[in-house]
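File shown: query23.tsv (TSV, C-alpha atoms and all ligand atoms).
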chain	number	residue	atom	x	y	z
Y	13	MET	CA	-9.20	-35.23	-28.80
Y	14	PRO	CA	-7.48	-32.08	-27.46
Y	15	PHE	CA	-6.35	-30.94	-30.91
Y	16	SER	CA	-7.30	-31.48	-34.51
Y	17	VAL	CA	-5.44	-32.83	-37.51
Y	18	GLU	CA	-5.99	-29.38	-39.05
Y	19	SER	CA	-4.10	-27.69	-36.23
Y	20	ALA	CA	-1.30	-30.21	-36.66
Y	21	ASN	CA	-1.09	-29.40	-40.35
Y	22	ILE	CA	0.62	-26.09	-39.64
Y	23	ILE	CA	3.73	-28.19	-39.06
Y	24	GLY	CA	3.67	-29.28	-42.68
Y	25	SER	CA	4.09	-32.67	-44.21
Y	26	ASN	CA	5.96	-35.40	-42.47
Y	27	ASP	CA	8.60	-36.23	-45.06
Y	28	GLY	CA	10.44	-39.10	-43.43
Y	29	ARG	CA	10.67	-37.15	-40.19
Y	30	HIS	CA	11.37	-39.17	-37.04
Y	31	TRP	CA	11.22	-37.88	-33.52
Y	32	ILE	CA	11.02	-38.99	-29.90
Y	33	ASP	CA	9.32	-37.09	-27.08
Y	34	SER	CA	11.94	-37.42	-24.36
Y	35	HIS	CA	9.52	-36.61	-21.54
Y	36	CYS	CA	5.76	-36.93	-21.47
Y	37	HIS	CA	3.20	-38.37	-19.09
Y	38	PHE	CA	1.26	-40.41	-21.63
Y	39	ASP	CA	0.17	-42.70	-18.77
Y	40	PHE	CA	-1.85	-39.93	-17.06
Y	41	ASP	CA	-5.62	-40.36	-17.15
Y	42	ASN	CA	-5.94	-37.23	-19.35
Y	43	PHE	CA	-5.14	-39.63	-22.21
Y	44	ASP	CA	-7.36	-42.52	-21.09
Y	45	SER	CA	-10.27	-41.73	-23.40
Y	46	ASP	CA	-8.27	-41.64	-26.65
Y	47	ARG	CA	-4.74	-42.93	-26.00
Y	48	GLU	CA	-4.66	-45.35	-28.97
Y	49	SER	CA	-6.00	-42.89	-31.54
Y	50	HIS	CA	-3.78	-40.16	-30.12
Y	51	TRP	CA	-0.76	-42.46	-30.52
Y	52	GLY	CA	-1.87	-43.23	-34.09
Y	53	LEU	CA	-1.87	-39.52	-34.89
Y	54	LEU	CA	1.58	-39.01	-33.30
Y	55	GLN	CA	2.95	-41.82	-35.47
Y	56	LYS	CA	1.39	-40.26	-38.54
Y	57	PHE	CA	3.48	-37.18	-37.82
Y	58	GLY	CA	6.69	-39.17	-37.43
Y	59	CYS	CA	6.80	-39.97	-33.72
Y	60	THR	CA	8.83	-43.15	-33.23
Y	61	GLY	CA	8.95	-43.30	-29.46
Y	62	LEU	CA	8.03	-41.78	-26.13
Y	63	ILE	CA	9.80	-41.63	-22.80
Y	64	ILE	CA	7.32	-41.80	-19.94
Y	65	PRO	CA	8.70	-41.17	-16.44
Y	66	GLY	CA	7.09	-42.75	-13.39
Y	67	VAL	CA	6.28	-40.43	-10.51
Y	68	ARG	CA	4.70	-42.51	-7.69
Y	69	ALA	CA	5.11	-46.16	-6.69
Y	70	GLU	CA	1.36	-46.68	-6.94
Y	71	THR	CA	1.42	-45.93	-10.68
Y	72	TRP	CA	4.44	-48.04	-11.68
Y	73	ASP	CA	2.55	-51.29	-12.46
Y	74	HIS	CA	0.09	-49.46	-14.69
Y	75	LEU	CA	2.95	-47.70	-16.48
Y	76	ILE	CA	4.90	-50.94	-17.02
Y	77	ALA	CA	1.81	-52.66	-18.47
Y	78	LEU	CA	0.93	-49.67	-20.66
Y	79	CYS	CA	4.36	-49.61	-22.32
Y	80	GLU	CA	4.37	-53.33	-23.14
Y	81	GLY	CA	4.48	-53.93	-26.88
Y	82	LYS	CA	4.86	-50.19	-27.63
Y	83	PRO	CA	7.98	-48.14	-28.42
Y	84	TRP	CA	7.49	-46.33	-25.12
Y	85	GLY	CA	10.36	-46.42	-22.65
Y	86	TYR	CA	9.55	-45.81	-19.01
Y	87	GLY	CA	11.38	-44.66	-15.92
Y	88	LEU	CA	10.46	-45.56	-12.37
Y	89	GLY	CA	10.87	-42.91	-9.74
Y	90	LEU	CA	9.57	-40.97	-6.76
Y	91	HIS	CA	8.82	-37.38	-7.77
Y	92	PRO	CA	9.23	-34.55	-5.22
Y	93	TYR	CA	5.68	-33.29	-6.00
Y	94	PHE	CA	4.29	-36.35	-4.24
Y	95	LEU	CA	6.48	-36.21	-1.15
Y	96	ASP	CA	3.58	-36.88	1.26
Y	97	GLN	CA	2.32	-39.80	-0.80
Y	98	HIS	CA	5.59	-41.73	-0.90
Y	99	GLN	CA	5.63	-44.58	1.59
Y	100	GLU	CA	8.26	-46.12	3.76
Y	101	GLY	CA	9.58	-48.99	1.65
Y	102	ASP	CA	9.05	-47.30	-1.74
Y	103	LEU	CA	12.80	-47.00	-2.29
Y	104	GLN	CA	13.25	-50.71	-1.66
Y	105	ARG	CA	10.33	-51.40	-4.00
Y	106	LEU	CA	11.98	-49.19	-6.62
Y	107	GLU	CA	15.17	-51.22	-6.48
Y	108	ASN	CA	13.32	-54.55	-6.44
Y	109	THR	CA	11.03	-53.66	-9.36
Y	110	CYS	CA	13.97	-52.49	-11.46
Y	111	ARG	CA	15.92	-55.66	-10.63
Y	112	GLU	CA	12.93	-57.73	-11.80
Y	113	GLN	CA	12.71	-55.80	-15.06
Y	114	MET	CA	16.40	-55.64	-15.91
Y	115	PRO	CA	16.95	-59.19	-17.17
Y	116	LYS	CA	14.05	-58.60	-19.58
Y	117	ILE	CA	15.56	-55.45	-21.11
Y	118	LYS	CA	17.65	-57.34	-23.65
Y	119	ASN	CA	14.78	-59.65	-24.54
Y	120	MET	CA	13.53	-59.03	-28.10
Y	121	SER	CA	10.19	-60.80	-27.58
Y	122	LYS	CA	6.81	-59.44	-26.50
Y	123	GLN	CA	7.76	-60.01	-22.85
Y	124	ALA	CA	10.65	-57.58	-23.16
Y	125	SER	CA	10.95	-54.83	-20.57
Y	126	ASN	CA	10.84	-51.16	-21.60
Y	127	LEU	CA	12.66	-49.92	-18.50
Y	128	ILE	CA	15.14	-47.23	-19.51
Y	129	ALA	CA	15.89	-45.13	-16.43
Y	130	ILE	CA	15.31	-44.27	-12.80
Y	131	GLY	CA	13.05	-41.21	-12.55
Y	132	GLU	CA	11.62	-38.87	-12.49
Y	133	PHE	CA	13.04	-37.66	-9.23
Y	134	GLY	CA	14.99	-34.64	-8.11
Y	135	LEU	CA	15.01	-31.51	-6.02
Y	136	ASP	CA	12.37	-28.79	-6.25
Y	137	LEU	CA	13.19	-25.83	-4.04
Y	138	MET	CA	10.05	-24.01	-5.19
Y	139	LEU	CA	8.00	-26.44	-3.11
Y	140	ALA	CA	7.40	-25.92	0.64
Y	141	GLU	CA	10.64	-25.46	2.56
Y	142	SER	CA	9.53	-27.90	5.25
Y	143	GLY	CA	10.07	-30.75	2.79
Y	144	HIS	CA	13.44	-29.72	1.36
Y	145	LYS	CA	15.53	-31.94	3.62
Y	146	GLN	CA	13.36	-34.98	2.97
Y	147	GLN	CA	13.37	-34.22	-0.78
Y	148	ALA	CA	17.16	-34.07	-0.83
Y	149	GLU	CA	17.46	-37.42	0.95
Y	150	LEU	CA	14.95	-39.08	-1.41
Y	151	CYS	CA	16.89	-37.65	-4.35
Y	152	ARG	CA	20.21	-38.91	-3.01
Y	153	GLN	CA	18.83	-42.41	-2.44
Y	154	GLN	CA	17.54	-42.64	-6.01
Y	155	PHE	CA	20.93	-41.59	-7.39
Y	156	LEU	CA	22.48	-44.41	-5.32
Y	157	ILE	CA	20.02	-47.00	-6.70
Y	158	ALA	CA	20.61	-45.83	-10.29
Y	159	GLU	CA	24.38	-46.02	-9.83
Y	160	LYS	CA	24.12	-49.51	-8.35
Y	161	LEU	CA	21.96	-50.72	-11.26
Y	162	ASN	CA	23.90	-48.82	-13.97
Y	163	LEU	CA	20.80	-46.96	-15.10
Y	164	PRO	CA	20.60	-43.32	-16.26
Y	165	VAL	CA	18.23	-40.92	-14.49
Y	166	ILE	CA	15.44	-38.49	-15.39
Y	167	LEU	CA	15.73	-35.41	-13.16
Y	168	HIS	CA	13.18	-32.81	-12.11
Y	169	ILE	CA	15.05	-29.76	-10.80
Y	170	ARG	CA	13.69	-26.30	-9.94
Y	171	LYS	CA	15.84	-23.58	-8.35
Y	172	ALA	CA	18.37	-26.25	-7.34
Y	173	TYR	CA	20.72	-26.80	-10.30
Y	174	ASP	CA	23.87	-26.03	-8.28
Y	175	GLU	CA	22.71	-28.18	-5.37
Y	176	VAL	CA	21.98	-31.20	-7.57
Y	177	ALA	CA	25.25	-30.81	-9.52
Y	178	ALA	CA	27.09	-30.77	-6.17
Y	179	MET	CA	25.20	-33.91	-5.08
Y	180	ILE	CA	26.13	-35.70	-8.32
Y	181	ARG	CA	29.80	-34.83	-7.79
Y	182	ARG	CA	29.75	-35.80	-4.13
Y	183	LEU	CA	28.17	-39.18	-4.88
Y	184	GLY	CA	30.38	-39.79	-7.90
Y	185	PHE	CA	27.23	-40.59	-9.88
Y	186	SER	CA	28.39	-41.61	-13.34
Y	187	GLN	CA	25.36	-42.90	-15.29
Y	188	GLY	CA	24.20	-39.53	-16.68
Y	189	GLY	CA	20.68	-38.99	-17.96
Y	190	ILE	CA	18.33	-36.14	-18.79
Y	191	VAL	CA	17.61	-32.98	-16.82
Y	192	HIS	CA	13.98	-32.45	-17.72
Y	193	ALA	CA	12.51	-28.95	-18.38
Y	194	PHE	CA	15.86	-27.25	-17.99
Y	195	SER	CA	15.48	-23.57	-17.07
Y	196	GLY	CA	18.83	-22.66	-15.51
Y	197	SER	CA	21.69	-20.48	-16.71
Y	198	TYR	CA	24.19	-21.31	-19.44
Y	199	GLN	CA	26.84	-22.07	-16.78
Y	200	GLN	CA	24.48	-24.36	-14.84
Y	201	GLY	CA	23.54	-26.14	-18.06
Y	202	MET	CA	27.15	-26.70	-19.11
Y	203	ALA	CA	28.05	-27.94	-15.61
Y	204	LEU	CA	25.36	-30.63	-15.92
Y	205	VAL	CA	26.48	-31.47	-19.47
Y	206	SER	CA	30.02	-31.98	-18.19
Y	207	LEU	CA	28.58	-34.42	-15.62
Y	208	GLY	CA	27.14	-36.55	-18.45
Y	209	PHE	CA	23.64	-35.08	-18.78
Y	210	LYS	CA	21.49	-33.85	-21.65
Y	211	LEU	CA	19.14	-30.92	-21.09
Y	212	GLY	CA	15.40	-31.29	-21.77
Y	213	ILE	CA	13.91	-28.33	-23.65
Y	214	GLY	CA	10.16	-27.80	-23.96
Y	215	GLY	CA	7.19	-25.47	-23.65
Y	216	ALA	CA	8.72	-23.02	-21.16
Y	217	MET	CA	10.76	-21.30	-23.89
Y	218	SER	CA	7.61	-20.57	-25.93
Y	219	HIS	CA	6.25	-18.01	-23.48
Y	220	PRO	CA	6.80	-14.36	-24.41
Y	221	ARG	CA	8.46	-13.59	-21.05
Y	222	ALA	CA	11.00	-16.44	-21.34
Y	223	LYS	CA	13.60	-14.24	-23.07
Y	224	LYS	CA	16.44	-15.26	-20.80
Y	225	LEU	CA	15.75	-18.97	-21.29
Y	226	ARG	CA	15.61	-18.55	-25.08
Y	227	GLY	CA	18.95	-16.71	-24.93
Y	228	THR	CA	20.43	-19.58	-22.91
Y	229	ILE	CA	19.08	-22.24	-25.30
Y	230	ALA	CA	20.54	-20.32	-28.26
Y	231	ARG	CA	23.99	-20.54	-26.61
Y	232	LEU	CA	23.85	-24.17	-25.49
Y	233	PRO	CA	25.22	-26.62	-28.08
Y	234	LEU	CA	22.59	-28.67	-29.93
Y	235	ALA	CA	24.57	-31.76	-28.94
Y	236	SER	CA	23.46	-31.13	-25.35
Y	237	LEU	CA	19.72	-30.66	-25.95
Y	238	VAL	CA	16.79	-33.07	-26.10
Y	239	LEU	CA	13.24	-32.06	-27.00
Y	240	GLU	CA	10.34	-32.80	-24.68
Y	241	THR	CA	6.73	-31.75	-24.13
Y	242	ASP	CA	5.90	-32.92	-20.57
Y	243	ALA	CA	2.37	-33.49	-21.97
Y	244	PRO	CA	-0.33	-33.21	-20.68
Y	245	ASP	CA	1.45	-30.53	-18.58
Y	246	MET	CA	3.56	-27.48	-19.53
Y	247	LYS	CA	1.27	-26.28	-22.29
Y	248	PRO	CA	3.31	-24.14	-24.72
Y	249	ALA	CA	2.11	-20.57	-25.33
Y	250	PHE	CA	0.93	-21.51	-28.83
Y	251	TRP	CA	-1.03	-24.60	-27.78
Y	252	GLN	CA	-4.85	-24.53	-27.89
Y	253	GLY	CA	-7.01	-26.97	-25.98
Y	254	PRO	CA	-7.09	-28.20	-22.40
Y	255	ASP	CA	-4.05	-30.51	-22.47
Y	256	ASN	CA	-0.65	-30.42	-24.06
Y	257	SER	CA	0.18	-33.23	-26.52
Y	258	PRO	CA	3.51	-34.77	-27.62
Y	259	LEU	CA	2.57	-33.37	-31.03
Y	260	SER	CA	3.60	-29.89	-29.85
Y	261	LEU	CA	7.19	-31.17	-30.01
Y	262	LEU	CA	7.40	-30.35	-33.72
Y	263	ILE	CA	6.64	-26.69	-33.08
Y	264	LEU	CA	9.06	-26.64	-30.14
Y	265	ALA	CA	11.72	-28.07	-32.49
Y	266	GLN	CA	10.98	-25.24	-34.89
Y	267	ILE	CA	11.57	-22.68	-32.10
Y	268	VAL	CA	14.94	-24.29	-31.27
Y	269	ALA	CA	15.79	-24.33	-35.00
Y	270	SER	CA	15.15	-20.60	-35.26
Y	271	LEU	CA	17.20	-19.91	-32.11
Y	272	HIS	CA	20.09	-21.88	-33.64
Y	273	SER	CA	19.54	-20.62	-37.20
Y	274	CYS	CA	19.36	-24.15	-38.56
Y	275	HIS	CA	16.78	-26.48	-40.08
Y	276	LEU	CA	14.05	-28.18	-38.06
Y	277	ASP	CA	15.25	-31.59	-39.28
Y	278	GLU	CA	18.74	-30.99	-37.89
Y	279	VAL	CA	17.26	-30.24	-34.46
Y	280	LEU	CA	15.09	-33.40	-34.57
Y	281	LEU	CA	17.98	-35.58	-35.69
Y	282	LEU	CA	20.34	-34.29	-33.01
Y	283	SER	CA	17.66	-34.51	-30.31
Y	284	ASN	CA	16.99	-38.16	-31.26
Y	285	ASN	CA	20.70	-38.98	-31.19
Y	286	ASN	CA	21.09	-37.26	-27.84
Y	287	VAL	CA	18.17	-39.21	-26.36
Y	288	LEU	CA	19.78	-42.47	-27.50
Y	289	THR	CA	23.13	-41.41	-26.02
Y	290	ALA	CA	21.56	-40.51	-22.67
Y	291	MET	CA	19.21	-43.54	-22.53
Y	292	PRO	CA	20.81	-46.41	-24.50
Y	293	ASN	CA	17.89	-48.80	-23.91
Y	294	VAL	CA	15.60	-46.56	-25.96
Y	295	LYS	CA	17.36	-47.77	-29.11
Y	296	ARG	CA	16.49	-51.38	-28.32
Y	297	ILE	CA	12.85	-50.51	-27.61
Y	298	ILE	CA	12.41	-48.56	-30.84
Y	299	SER	CA	14.18	-51.15	-32.98
Y	300	ARG	CA	11.67	-53.80	-31.83
Y	301	HIS	CA	9.01	-51.93	-33.81
Y	401	ZN	ZN	7.43	-34.91	-15.79

Take the structure in the file and write it out as structure tokens.
Amino acid sequence: MPFSVESANIIGSNDGRHWIDSHCHFDFDNFDSDRESHWGLLQKFGCTGLIIPGVRAETWDHLIALCEGKPWGYGLGLHPYFLDQHQEGDLQRLENTCREQMPKIKNMSKQASNLIAIGEFGLDLMLAESGHKQQAELCRQQFLIAEKLNLPVILHIRKAYDEVAAMIRRLGFSQGGIVHAFSGSYQQGMALVSLGFKLGIGGAMSHPRAKKLRGTIARLPLASLVLETDAPDMKPAFWQGPDNSPLSLLILAQIVASLHSCHLDEVLLLSNNNVLTAMPNVKRIISRH
């Protein structure tokens, strides 16, 4: 296990605390050796649900199966990191797979579907310039599918907040969603909020050099923020061990609480509510448990 119960104890007791990690990759093989016991520990500390975005078509079936019977909502998407692995026909497969899952979303039985969103996808202008055009087209197509299916989206955006906001306006995309690992300016954040999005806040703000981001988070209304870890990636500055865990969310919540001069529980409560607003199917998935 990448952390110990002792290290988790610094967070204090879990007095009726409930929280959701709005973005983690709990399907990645980093968790294969101890996923069940890891999940048990998360629950012990009040975790009631996870949102796990899909990043490549090849991994969708595994992700769908993994979430079955668990309060884990998943997204299906084509992430810009894997541009050269996406195949012709993946977009069609995305639409078809979601259409298959959708009638099962309202099902309350064991066969229920945990599909909650399209994503993660987006625009990453820090990646090689040669792929930017192709990235933008892939991003646009996934917005169109999400709009057609009335599903919210999970967005990965780096150095492209204005470009994606412009794309959302141009397409008239109206389903909203979550902008994961938000690191833009206050103005860019509020522009996305006005387009129906919540902003994912995680480990990036914990690094000593992230002064500007902490200043931005302190100004953004709590009603616009959702907490996330991106585990096993985006290890916060305080995290020991090889991989990040959704458990780091409690410490991240404490950082947001100090930036907003409020109590940790207020941050957790608002983050939960904001997740349910952005991804309404999460409520159904959690209430099954
Ligand atoms: Zn991610």

Might you pull out every residue within 6 Å of stretch 85-98 of chain Y, with all atoms listed in the file counted and same-chain residues fewer than 2 positions away left off, and present them as a PDB file with C-alpha atoms, in the frame of the given file?
ATOM      1  CA  ILE Y  63       9.800 -41.630 -22.800  1.00  0.00           C
ATOM      2  CA  ILE Y  64       7.320 -41.800 -19.940  1.00  0.00           C
ATOM      3  CA  PRO Y  65       8.700 -41.170 -16.440  1.00  0.00           C
ATOM      4  CA  GLY Y  66       7.090 -42.750 -13.390  1.00  0.00           C
ATOM      5  CA  VAL Y  67       6.280 -40.430 -10.510  1.00  0.00           C
ATOM      6  CA  ARG Y  68       4.700 -42.510  -7.690  1.00  0.00           C
ATOM      7  CA  ASN Y 126      10.840 -51.160 -21.600  1.00  0.00           C
ATOM      8  CA  LEU Y 127      12.660 -49.920 -18.500  1.00  0.00           C
ATOM      9  CA  ILE Y 128      15.140 -47.230 -19.510  1.00  0.00           C
ATOM     10  CA  ALA Y 129      15.890 -45.130 -16.430  1.00  0.00           C
ATOM     11  CA  ILE Y 130      15.310 -44.270 -12.800  1.00  0.00           C
ATOM     12  CA  GLY Y 131      13.050 -41.210 -12.550  1.00  0.00           C
ATOM     13  CA  GLU Y 132      11.620 -38.870 -12.490  1.00  0.00           C
ATOM     14  CA  PHE Y 133      13.040 -37.660  -9.230  1.00  0.00           C
TER      15      PHE Y 133
END

Q: Would you mind listing the residues within 8 Å of ligand ZN 401 (chain Y), counting all atoms listed in the file, as a PyMOL selection string?
A: chain Y and resi 35-37+65+67+132+168+192+242+245

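Straight-line separation from atom CA of Y:Ile229 to atom CA of Y:Asn284: 17.1 Å.
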
Q.
Nearest residue to Y:Ile32 out of Y:Glu80, Y:Glu100, Y:Glu240, Y:Glu159, using all atoms listed in the file?
A. Y:Glu240

(Q) For a test of reading the model, state the distance in Å between atom CA of Y:Ser197 and atom CA of Y:Lys223, rounded to one decimal. (A) 12.0 Å

Q.
Restricting the calculation to all atoms listed in the file: of Y:Pro164, Y:Pro233, Y:Gly227, Y:Pro248, which residue gets closest to Y:Val279?
A.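 Ranked by minimum distance to Y:Val279, first place goes to Y:Pro233.
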
(Q) Set the distance at 12 Å and use only C-alpha atoms: which residues neighbour Y:Asp255 once local chain neighbours fewer than 6 positions away are removed? I'd like the list as a list in words. (A) Met13, Pro14, Phe15, Cys36, His37, Phe38, Phe40, Asp41, Asn42, Phe43, Thr241, Asp242, Ala243, Pro244, Asp245, Met246, Lys247 and Pro248 of chain Y

**Q.** Å distance separating atom CA of Y:Phe57 from atom CA of Y:Leu259, one decimal place
**A.**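 Atom-to-atom, atom CA of Y:Phe57 to atom CA of Y:Leu259, that is 7.8 Å.
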
(Q) Considering all atoms listed in the file, can you say which of Y:Leu271, Y:Ala265, Y:Ala140, Y:Leu150 comes closest to Y:Ser283? (A)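 Once distances to Y:Ser283 are computed over all atoms listed in the file, the minimum belongs to Y:Ala265.
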
Q: Go through Y:Cys79, Y:Ala249, Y:Val205, Y:Cys59 and flag the residue nearest Y:His219, using all atoms listed in the file for the distances.
A: Y:Ala249
